[in-house]
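Below: the structure, in structure tokens.
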Amino acid sequence: LDRPMIWKKIIETVNDSCATVTFPIKEPYKGQSGEELYQIAGCNLMNDVPYICTWLKDVVPKTCGGKAVTVGGYAYLDGELHVRVNLACDAIMNSVIESYGANKVRLANLATPTDVYLVGKDTHEACVTNLKQAPLWQKAFQALLLGKRLIPNALKPIKADDGSEVYHINGLIPEQGPNYALSKRLQQWRAVLARAKGVT
């Protein structure tokens with residue numbers, strides 16, 4: 001983010017430690033420091049994607065020297081802005097993969113339990129067992145909600161084309177809305193596509 005108060009905290013923290021930080025600035029560096037540096041530091045993740053990609057294409061090889069780099073997408077905004085910021089992160093991640101090389105890039109995102117996931121048969125069976133062994137008060141509470149909440153996520157397996165059974169859980173929460181679900185799906189798909197290219 002291009003917010004001076006954020007960069008003041010980051011730069012002061014780094015200055016008081018043995019860490020280093022590399023960040024973009026909006027104008028050529030001429031020894032600026034303090035407030036003058038805070039004012040020109042950072043960029044807008046949603047509006048400056050092309051500039052960020054170009055900057056990373058130049059700075060990642062210089063900074064990492066051919067070693068692996070981890071690109072993290074940890075942004076969160078409410079509503080449809082969450083989809084937009086995740087699209088920006090996705091474009092940046094893909095740009096780094098393409099420019100630096102898939103075998104030298106690692107991707108990271110904040111995972112969520114509120115999604116649909118494939119699970120093993122043993123996990124599915126554990127879900128079924130736990131549901132059967134749930135305390136009476138939990139079963140009563142579920143009955144009071146008329147099956148609209150606290151829905152069991154030990155779902156019936158899906159038959160694959162080869163005849164095998166695929167187990168999954170559905171942890172989606174309607175209250176989080178479609179924007180959150182779509183954003184997390186974008187992250188999952190980027191991970192799948194990146195993995196196919198050799199990213200870990």
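Labels for the structure tokens follow display order: chains A, B, ..., residues from 1 in each chain, ligands from 1.
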Rows by chain and residue number, region 67-108 of chain A within 6 Å of region 159-181 of chain A, shortest pair, only C-alpha atoms, as a tab-separated table:
```
residue	atom	partner	partner_atom	distance
A:Gly79	CA	A:Asn179	CA	5.9
A:Glu80	CA	A:Asn179	CA	5.6
A:Val83	CA	A:Asn179	CA	6.0
```
I need the residues of region 35-175 of chain A that end up classed as alpha helix (DSSP H) by DSSP on the backbone, written out as a ChimeraX atom specification. /A:35-40,49-64,80-100,121-132,136-144
Report, in Å with one decimal, the straight-line distance from CA of Glu36 (chain A) to CA of Val59 (chain A).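 According to the coordinates, CA of Glu36 (chain A) and CA of Val59 (chain A) are separated by 22.4 Å.
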Compare A:Lys67, A:Arg195, A:Arg190, A:Lys184 by their minimum atom-to-atom distance to Asn94 (chain A), counting only C-alpha atoms, and give me the closest one. A:Arg190
CA of Lys26 (chain A) and CA of Gly73 (chain A) are how many Å apart?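 Separating CA of Lys26 (chain A) from CA of Gly73 (chain A) is a distance of 22.0 Å.
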For CA of Gln39 (chain A) and CA of Asn109 (chain A), the interatomic separation in Å (one decimal): 28.4 Å
Please give the complete set of residues from chain A that DSSP, run on the backbone, assigns to strand (DSSP E), formatted as a PyMOL selection string. chain A and resi 69-73+105-109+116-119+158-159+165-170
Counting only C-alpha atoms, the residue of A:Ile25, A:Leu37, A:Ala134, A:Ala126 that sits nearest Trp55 (chain A): A:Ile25
Can you build me a table of region 24-74 of chain A residues sitting at most 10 Å from region 3-6 of chain A, with the closest atom pair per residue and its distance in Å to one decimal, using only C-alpha atoms, sorted by chain and residue number, as CSV?
```
residue,atom,partner,partner_atom,distance
A:Gly34,CA,A:Pro4,CA,10.0
A:Glu35,CA,A:Pro4,CA,7.7
A:Glu36,CA,A:Pro4,CA,9.2
A:Leu37,CA,A:Pro4,CA,8.3
A:Tyr38,CA,A:Pro4,CA,4.6
A:Gln39,CA,A:Pro4,CA,5.1
A:Ile40,CA,A:Pro4,CA,7.7
A:Ala41,CA,A:Pro4,CA,7.1
A:Gly42,CA,A:Arg3,CA,7.3
A:Cys43,CA,A:Arg3,CA,8.3
A:Asn44,CA,A:Arg3,CA,9.0
```
If we count only C-alpha atoms and set the cut-off at 12 Å, which residues sit around Leu186 (chain A), ignoring sequence neighbours fewer than 6 positions away in its own chain? Please answer as a PyMOL selection string. chain A and resi 73+82-91+93+109+115+179-180+192-194
Residues just named, written with all heavy atoms as a compact mmCIF listing (two decimals), in the first residue's frame:
```txt
# COMPACT_ATOMS: atom_id res chain seq x y z
N GLY A 73 0.06 -13.92 -1.35
CA GLY A 73 -1.13 -13.12 -1.59
C GLY A 73 -1.97 -13.07 -0.33
O GLY A 73 -2.77 -13.96 -0.10
N HIS A 82 -12.78 -7.70 -2.60
CA HIS A 82 -11.95 -8.88 -2.30
C HIS A 82 -11.65 -9.65 -3.59
O HIS A 82 -10.53 -10.13 -3.79
CB HIS A 82 -12.67 -9.78 -1.29
CG HIS A 82 -11.79 -10.85 -0.71
ND1 HIS A 82 -10.51 -10.62 -0.28
CD2 HIS A 82 -12.01 -12.17 -0.50
CE1 HIS A 82 -9.98 -11.74 0.17
NE2 HIS A 82 -10.87 -12.70 0.04
N VAL A 83 -12.62 -9.74 -4.48
CA VAL A 83 -12.39 -10.39 -5.78
C VAL A 83 -11.38 -9.58 -6.58
O VAL A 83 -10.44 -10.13 -7.15
CB VAL A 83 -13.71 -10.54 -6.57
CG1 VAL A 83 -13.46 -11.13 -7.95
CG2 VAL A 83 -14.71 -11.39 -5.80
N ARG A 84 -11.55 -8.26 -6.60
CA ARG A 84 -10.65 -7.41 -7.38
C ARG A 84 -9.22 -7.48 -6.88
O ARG A 84 -8.28 -7.57 -7.67
CB ARG A 84 -11.16 -5.97 -7.37
CG ARG A 84 -12.44 -5.79 -8.19
CD ARG A 84 -13.01 -4.41 -8.08
NE ARG A 84 -12.02 -3.40 -8.43
CZ ARG A 84 -12.14 -2.11 -8.13
NH1 ARG A 84 -13.19 -1.68 -7.46
NH2 ARG A 84 -11.22 -1.25 -8.48
N VAL A 85 -9.03 -7.44 -5.58
CA VAL A 85 -7.66 -7.46 -5.05
C VAL A 85 -7.03 -8.84 -5.27
O VAL A 85 -5.83 -8.94 -5.50
CB VAL A 85 -7.62 -7.03 -3.56
CG1 VAL A 85 -8.09 -8.12 -2.62
CG2 VAL A 85 -6.21 -6.59 -3.17
N ASN A 86 -7.84 -9.90 -5.24
CA ASN A 86 -7.31 -11.23 -5.52
C ASN A 86 -6.96 -11.41 -7.00
O ASN A 86 -6.02 -12.12 -7.33
CB ASN A 86 -8.27 -12.31 -5.04
CG ASN A 86 -8.00 -12.68 -3.61
OD1 ASN A 86 -7.06 -13.41 -3.31
ND2 ASN A 86 -8.79 -12.15 -2.69
N LEU A 87 -7.71 -10.77 -7.87
CA LEU A 87 -7.35 -10.78 -9.30
C LEU A 87 -6.02 -10.07 -9.51
O LEU A 87 -5.18 -10.52 -10.30
CB LEU A 87 -8.45 -10.12 -10.13
CG LEU A 87 -9.69 -10.95 -10.40
CD1 LEU A 87 -10.80 -10.10 -11.02
CD2 LEU A 87 -9.37 -12.13 -11.30
N ALA A 88 -5.82 -8.98 -8.78
CA ALA A 88 -4.54 -8.26 -8.87
C ALA A 88 -3.40 -9.15 -8.38
O ALA A 88 -2.36 -9.26 -9.04
CB ALA A 88 -4.61 -6.97 -8.04
N CYS A 89 -3.59 -9.79 -7.23
CA CYS A 89 -2.56 -10.70 -6.70
C CYS A 89 -2.29 -11.84 -7.67
O CYS A 89 -1.13 -12.23 -7.87
CB CYS A 89 -3.00 -11.26 -5.35
SG CYS A 89 -2.99 -10.05 -4.01
N ASP A 90 -3.34 -12.36 -8.27
CA ASP A 90 -3.20 -13.46 -9.22
C ASP A 90 -2.34 -13.04 -10.42
O ASP A 90 -1.46 -13.77 -10.86
CB ASP A 90 -4.58 -13.93 -9.68
CG ASP A 90 -4.49 -15.11 -10.63
OD1 ASP A 90 -4.15 -16.21 -10.16
OD2 ASP A 90 -4.72 -14.92 -11.83
N ALA A 91 -2.61 -11.85 -10.94
CA ALA A 91 -1.85 -11.35 -12.09
C ALA A 91 -0.38 -11.17 -11.72
O ALA A 91 0.52 -11.49 -12.50
CB ALA A 91 -2.45 -10.03 -12.58
N MET A 93 1.29 -12.74 -9.25
CA MET A 93 1.89 -14.07 -9.05
C MET A 93 2.24 -14.72 -10.38
O MET A 93 3.34 -15.25 -10.57
CB MET A 93 0.94 -14.97 -8.26
CG MET A 93 0.81 -14.62 -6.81
SD MET A 93 -0.42 -15.68 -6.02
CE MET A 93 -0.05 -15.38 -4.29
N ASN A 109 -0.86 -18.38 0.06
CA ASN A 109 -2.10 -17.65 0.30
C ASN A 109 -2.60 -18.01 1.69
O ASN A 109 -2.19 -19.03 2.25
CB ASN A 109 -3.19 -18.03 -0.72
CG ASN A 109 -2.96 -17.40 -2.07
OD1 ASN A 109 -2.92 -16.19 -2.20
ND2 ASN A 109 -2.81 -18.23 -3.10
N ASP A 115 -14.47 -23.76 2.60
CA ASP A 115 -14.38 -24.00 1.16
C ASP A 115 -14.73 -25.47 0.91
O ASP A 115 -15.01 -26.21 1.85
CB ASP A 115 -12.96 -23.70 0.68
CG ASP A 115 -12.91 -23.32 -0.81
OD1 ASP A 115 -13.87 -23.66 -1.54
OD2 ASP A 115 -11.93 -22.70 -1.23
N ASN A 179 -18.56 -13.45 -3.06
CA ASN A 179 -17.28 -12.80 -3.35
C ASN A 179 -16.13 -13.51 -2.65
O ASN A 179 -15.06 -13.70 -3.23
CB ASN A 179 -17.32 -11.33 -2.95
CG ASN A 179 -18.27 -10.53 -3.80
OD1 ASN A 179 -18.26 -10.63 -5.01
ND2 ASN A 179 -19.14 -9.76 -3.17
N TYR A 180 -16.35 -13.88 -1.41
CA TYR A 180 -15.31 -14.58 -0.66
C TYR A 180 -15.03 -15.94 -1.30
O TYR A 180 -13.87 -16.31 -1.51
CB TYR A 180 -15.73 -14.75 0.80
CG TYR A 180 -14.65 -15.36 1.67
CD1 TYR A 180 -13.61 -14.58 2.16
CD2 TYR A 180 -14.66 -16.72 1.97
CE1 TYR A 180 -12.61 -15.14 2.94
CE2 TYR A 180 -13.67 -17.28 2.75
CZ TYR A 180 -12.64 -16.49 3.24
OH TYR A 180 -11.65 -17.05 4.00
N VAL A 192 -3.33 -24.63 -8.64
CA VAL A 192 -3.38 -25.79 -9.53
C VAL A 192 -2.61 -25.52 -10.82
O VAL A 192 -1.79 -26.34 -11.26
CB VAL A 192 -4.85 -26.17 -9.84
CG1 VAL A 192 -4.92 -27.20 -10.96
CG2 VAL A 192 -5.56 -26.68 -8.60
N LEU A 193 -2.86 -24.37 -11.43
CA LEU A 193 -2.16 -24.02 -12.67
C LEU A 193 -0.67 -23.88 -12.45
O LEU A 193 0.14 -24.32 -13.27
CB LEU A 193 -2.74 -22.72 -13.24
CG LEU A 193 -4.19 -22.78 -13.74
CD1 LEU A 193 -4.68 -21.39 -14.11
CD2 LEU A 193 -4.32 -23.73 -14.91
N ALA A 194 -0.30 -23.24 -11.34
CA ALA A 194 1.12 -23.05 -11.04
C ALA A 194 1.81 -24.38 -10.78
O ALA A 194 2.93 -24.61 -11.24
CB ALA A 194 1.27 -22.11 -9.84
```
Could you give me, as a Markdown table, every region 18-76 of chain A residue with an atom at most 10 Å from region 95-106 of chain A, plus its closest atom pair and distance in Å to one decimal, counting only C-alpha atoms, rows ordered by chain then number?
```
| residue | atom | partner | partner_atom | distance |
| --- | --- | --- | --- | --- |
| A:Val49 | CA | A:Ser95 | CA | 9.9 |
| A:Pro50 | CA | A:Ser95 | CA | 9.4 |
| A:Ile52 | CA | A:Ser95 | CA | 9.5 |
| A:Cys53 | CA | A:Ser95 | CA | 6.1 |
| A:Thr54 | CA | A:Ser95 | CA | 8.7 |
| A:Leu56 | CA | A:Val96 | CA | 7.0 |
| A:Lys57 | CA | A:Ser99 | CA | 6.0 |
| A:Asp58 | CA | A:Ser99 | CA | 9.1 |
| A:Val60 | CA | A:Tyr100 | CA | 7.5 |
| A:Pro61 | CA | A:Tyr100 | CA | 6.9 |
| A:Cys64 | CA | A:Lys104 | CA | 9.7 |
| A:Gly66 | CA | A:Lys104 | CA | 7.3 |
| A:Lys67 | CA | A:Lys104 | CA | 6.5 |
| A:Ala68 | CA | A:Lys104 | CA | 4.3 |
| A:Val69 | CA | A:Val105 | CA | 5.1 |
| A:Thr70 | CA | A:Arg106 | CA | 4.4 |
| A:Val71 | CA | A:Arg106 | CA | 6.2 |
| A:Gly72 | CA | A:Arg106 | CA | 8.4 |
```
Nearest to Thr63 (chain A), chosen from A:Leu144, A:Ile11, A:Leu81, A:Val21, with only C-alpha atoms counted in the distances: A:Val21
Would you please work out which residue, of A:Leu182, A:Leu145, A:Met46, A:Leu155, is nearest to Thr123 (chain A) when using only C-alpha atoms?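 Using only C-alpha atoms, Thr123 (chain A) sits closest to A:Leu155.
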Name the closest residue to Cys127 (chain A) among the candidates A:Lys8, A:Lys148, A:Lys30, A:Lys156; distances are taken between atoms, counting only C-alpha atoms.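 When distances to Cys127 (chain A) are compared using only C-alpha atoms, the smallest one comes from A:Lys156.
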